[in-house]
Amino acid sequence: MPLPALREELAIHDGPRLADGQPSWTLHDPVRNVFFRIDWQTFEVLSRWALGDAKAIAQSIAANTALRPSVDDVDAVAAFLAENQLLRPGEGSAAELASRLRRTRGSWARWLLHHYLFFRIPLVRPDAWLARWAARADVLYRPGFYKITAVALIAGLVMVYRDWERFATTLVDTLSWKGLAAYGLTLIAIKILHELGHGITAKRYGCRVPVMGVAFLVLWPVAYTDTNEVWKLADRRQRLAVAAAGVATELVVAAWATLAWSLLPEGAPKAAAFLLATTTWVVTITINASPFMRFDGYFLLSDWLDTPNLHARAFALARWDLRERLFALGESPPERFPRARHVGLIAFAWATWLYRLTLFLGIAVLVYHFFVKALGIALFAVEIGWFVVLPVWTEIKAWRQRWAAIRVRRRARVTAAVAAFAFVLVAVPWPAPVASTGVLRPAESYVVYAPEGAQVVALPATEGASVAAGEPLIRLASPALELRWRKALAAEESVRQQAAAAGVSAAQRANVPVLQQQLDTARADLAGIRAAAEKFLPPAPFAGRLRDVNPDLEPGVWVGRGERLATLVQEGGWRAEAYLDESALRRVRVGDGARFYADGREGPFVAMTVVAIDRDATRVLPSAMLATQFGGSITSREKQGQLFPENAVYRVLLVPSGDPGALRGHSWRGTVVIRAAWEAPALRFIRSALTVIWREAGF
């Protein structure tokens, strides 16, 4: 069967030598401005394509070169040419071309999906004026300019370091809506210069630059320049120069802008220099230099390794490596590389997958929040489906195609056993105790505070002494209160004497009601002072043992208002309080056993039992020692002297199953570990994910 003819407009350019030493060529399709790297054998086949017969081509190559191609090799080249539309359409091919066009366009839903994920808008055809500017920009490519720029960069960085506080303050001051708008305009200007760097450098090496415009990656605008013709350059250093031109342009702008910020006076030029410096450094390092997306860093790495289509080839190699590690199928790798390059490409593929997974998840979340909720949910699902689920499903389909070979491999059985074990670990319920910071304290305690500034008169009970109910805990004296008592007593006596004299004096009888009212007031004052005096002799509200007595207390010592003096602890009753979030509380029931481990002690634990669980969330933490800022485990924020939990937490009350031993008599912070219901580890994450989905899906 005769071979179809090649398209007349195709061109072949010399290419670089491949890794194995053989020459290569670049096949150029000028209609689509697409380039293909071909090896020696493919070049020889194309050179003899006019023979029109696969067998004749193979025989001619074998007779005139050291190559020994087969007819199948020639047919493989023909299939490659047909697949990439490099052959001249034959008679009756209109139907096939129309069918290919329909498959390429797909349905309207597929068209919408692809144009949401990525589309380009050509804006200008810059080839003519780039050619004019390439000659004028010659000074920017001279070694002297780069040396001066390096000096400017070093000087600028030194000056910024010496004035770092003002530089950082300026950065903080620009974090506003107005500042962000300025950053956006600066970024547009930087990206225009970036693309001009690519275009002018490509023109210096004789490449055509047909179009410049804006591409949208998941609706995010990215400037682009069509520099595909650099693939016809045989010198790898020239291709590297074109790929690095954008980053180099930004670095030059950043260097001079950094120096300008240090030298310019306050005003608009200094502010513009600051925006150029900060924006350029950040964008160049975080975006353009990354090889994990098809930006400048990717093309630089691809050219440096001399590996066109780096992502696709690394991904294919990593998928093959994954199948071999899981199933040991014995398939040949898609390409053979030196050992170091082989391992490096596989590691690069996995790093790219992880980077893209993180990036696309972040973009999906942003898309969800920036659109109307219903549309945001749909676009979020599209993102996850296309960038995460679809690649995984494609690999699973590849496994299904190899199922006959996989099922008989010993490595596959080992992989299945490991996968089953991992499934058991995450899907089968396991004992998982619940731990939280808790406080163990006596069930009843009474803290003695000084009601006012007073002097200690006597200490009826000392540290650790037993006190009966009603017995005084401490005796205090207040000279000010005693003075008020004497004045009130004198006033009461004076009014009483006047009331008694009114009975024998006709002139005073009219004042009897007033005097009686004054007498009642004086007696009320005395009663109030007597009640206040009782606070200076506090009785024990219950029988217990005195603990935490201030060691400085002794007769004659003065104490201030609100000063803590001692604590009365009721013996025989203890309890612990812990606070759990909703996910942990779901597994805890009344009657569950627990243990309390006191902080700072190496002694035994205290066995406990859950006796009560609050149904309402705790609004305010009762004890500061439970908060994370004071060593606890509950994240909280302080407001007006109170601690408010950041997340909903519920109080769980526990009691010791026996005597707390060495812990009795004091309050202790520690860790409460509750033997809660068993739970599968994966269930917790599934429940959390479903909770978020249910919450966010609500309208």
# chains A, B, ... in the order shown; residues from 1 in each chain; ligands from 1
$ residues_around --residues "region 386-395 of chain A" --least-positions-apart "4" --cutoff "8 Å" --atoms "only C-alpha atoms" --output "PyMOL selection string"
chain A and resi 319+357+360+382+399
$ write_last_selection --atoms "N, CA and C atoms" --output "mmCIF file, in the first residue's frame"
data_model
loop_
_atom_site.group_PDB
_atom_site.id
_atom_site.type_symbol
_atom_site.label_atom_id
_atom_site.label_comp_id
_atom_site.auth_asym_id
_atom_site.auth_seq_id
_atom_site.Cartn_x
_atom_site.Cartn_y
_atom_site.Cartn_z
ATOM 1 N N ARG A 319 4.394 6.788 36.482
ATOM 2 C CA ARG A 319 3.289 5.824 36.479
ATOM 3 C C ARG A 319 3.810 4.412 36.239
ATOM 4 N N LEU A 357 -1.650 19.168 43.463
ATOM 5 C CA LEU A 357 -2.777 18.818 44.322
ATOM 6 C C LEU A 357 -3.043 19.942 45.315
ATOM 7 N N PHE A 360 -4.274 23.158 43.263
ATOM 8 C CA PHE A 360 -5.624 23.084 42.713
ATOM 9 C C PHE A 360 -6.680 23.032 43.819
ATOM 10 N N VAL A 382 -15.971 20.694 39.710
ATOM 11 C CA VAL A 382 -15.275 20.554 38.434
ATOM 12 C C VAL A 382 -13.768 20.517 38.659
ATOM 13 N N TRP A 399 -4.839 0.007 35.232
ATOM 14 C CA TRP A 399 -4.700 -1.234 36.005
ATOM 15 C C TRP A 399 -5.707 -2.278 35.535
#
$ residues_around --residues "region 82-87 of chain A" --least-positions-apart "2" --cutoff "7 Å" --atoms "only C-alpha atoms" --output "VMD selection string"
chain A and resid 4 to 7 78 to 80 89
$ closest_residue --among "A:Leu276, A:Asn309, A:Pro645, A:Asp296" --to "Ala260 (chain A)" --atoms "only C-alpha atoms"
A:Leu276
$ residues_around --residues "Ile474 (chain A)" --least-positions-apart "5" --cutoff "7 Å" --atoms "only C-alpha atoms" --output "short mmCIF file (atom, residue, chain, number, x, y, z; two decimals) with C-alpha atoms, in the first residue's frame"
data_model
loop_
_atom_site.label_atom_id
_atom_site.label_comp_id
_atom_site.auth_asym_id
_atom_site.auth_seq_id
_atom_site.Cartn_x
_atom_site.Cartn_y
_atom_site.Cartn_z
CA ALA A 458 -5.07 35.23 115.96
CA LEU A 459 -4.85 31.98 113.94
CA PRO A 460 -7.15 29.46 115.62
CA LEU A 537 -13.99 36.49 111.96
CA PRO A 538 -15.03 34.04 109.18
#
$ closest_residue --among "A:Val424, A:Leu153, A:Ala271, A:Leu326" --to "Ala254 (chain A)" --atoms "only C-alpha atoms"
A:Leu153
$ atom_distance --atom1 "CA of Ala617 (chain A)" --atom2 "CA of Ala578 (chain A)"
12.5 Å
$ select_by_dssp --residues "region 279-509 of chain A" --states "strand (DSSP E)" --output "list in words"
Val434, Ala435, Ser436, Thr437, Gly438, Val439, Leu440, Arg441, Pro442, Ser445, Tyr446, Val447, Val448, Tyr449, Ala454, Gln455, Val456, Val457, Ala458, Ser466, Val467, Arg475, Leu476 and Ala477 of chain A
$ closest_residue --among "A:Trp25, A:Phe295, A:Tyr449, A:Phe644" --to "Asp39 (chain A)" --atoms "only C-alpha atoms"
A:Trp25
$ closest_residue --among "A:Arg17, A:Arg313, A:Arg409, A:Arg88" --to "Asp235 (chain A)" --atoms "only C-alpha atoms"
A:Arg17
$ residues_around --residues "Leu240 (chain A)" --least-positions-apart "5" --cutoff "9 Å" --atoms "only C-alpha atoms" --output "list of chain:residue names"
A:Asp235, A:Ala245, A:Phe299, A:Leu300, A:Leu301, A:Asp303, A:Trp304
$ write_last_selection --atoms "C-alpha atoms" --output "compact mmCIF listing (two decimals), in the first residue's frame"
# COMPACT_ATOMS: atom_id res chain seq x y z
CA ASP A 235 21.99 25.54 20.37
CA ALA A 245 14.68 36.12 29.56
CA PHE A 299 11.03 25.46 30.42
CA LEU A 300 14.40 26.31 31.94
CA LEU A 301 14.59 22.89 33.58
CA ASP A 303 16.00 22.88 28.27
CA TRP A 304 18.75 22.41 30.86
$ atom_distance --atom1 "CA of Thr170 (chain A)" --atom2 "CA of Trp256 (chain A)"
18.1 Å
$ atom_distance --atom1 "CA of Lys178 (chain A)" --atom2 "CA of Ala277 (chain A)"
17.7 Å
$ select_by_dssp --residues "region 15-254 of chain A" --states "helix (DSSP H, G or I)" --output "PyMOL selection string"
chain A and resi 40-47+49-51+54-64+71-83+94-105+108-117+127-141+143-162+164-173+177-204+228-232+236-254
$ closest_residue --among "A:Leu653, A:Val45, A:Leu481, A:Ala135" --to "Arg441 (chain A)" --atoms "only C-alpha atoms"
A:Leu653
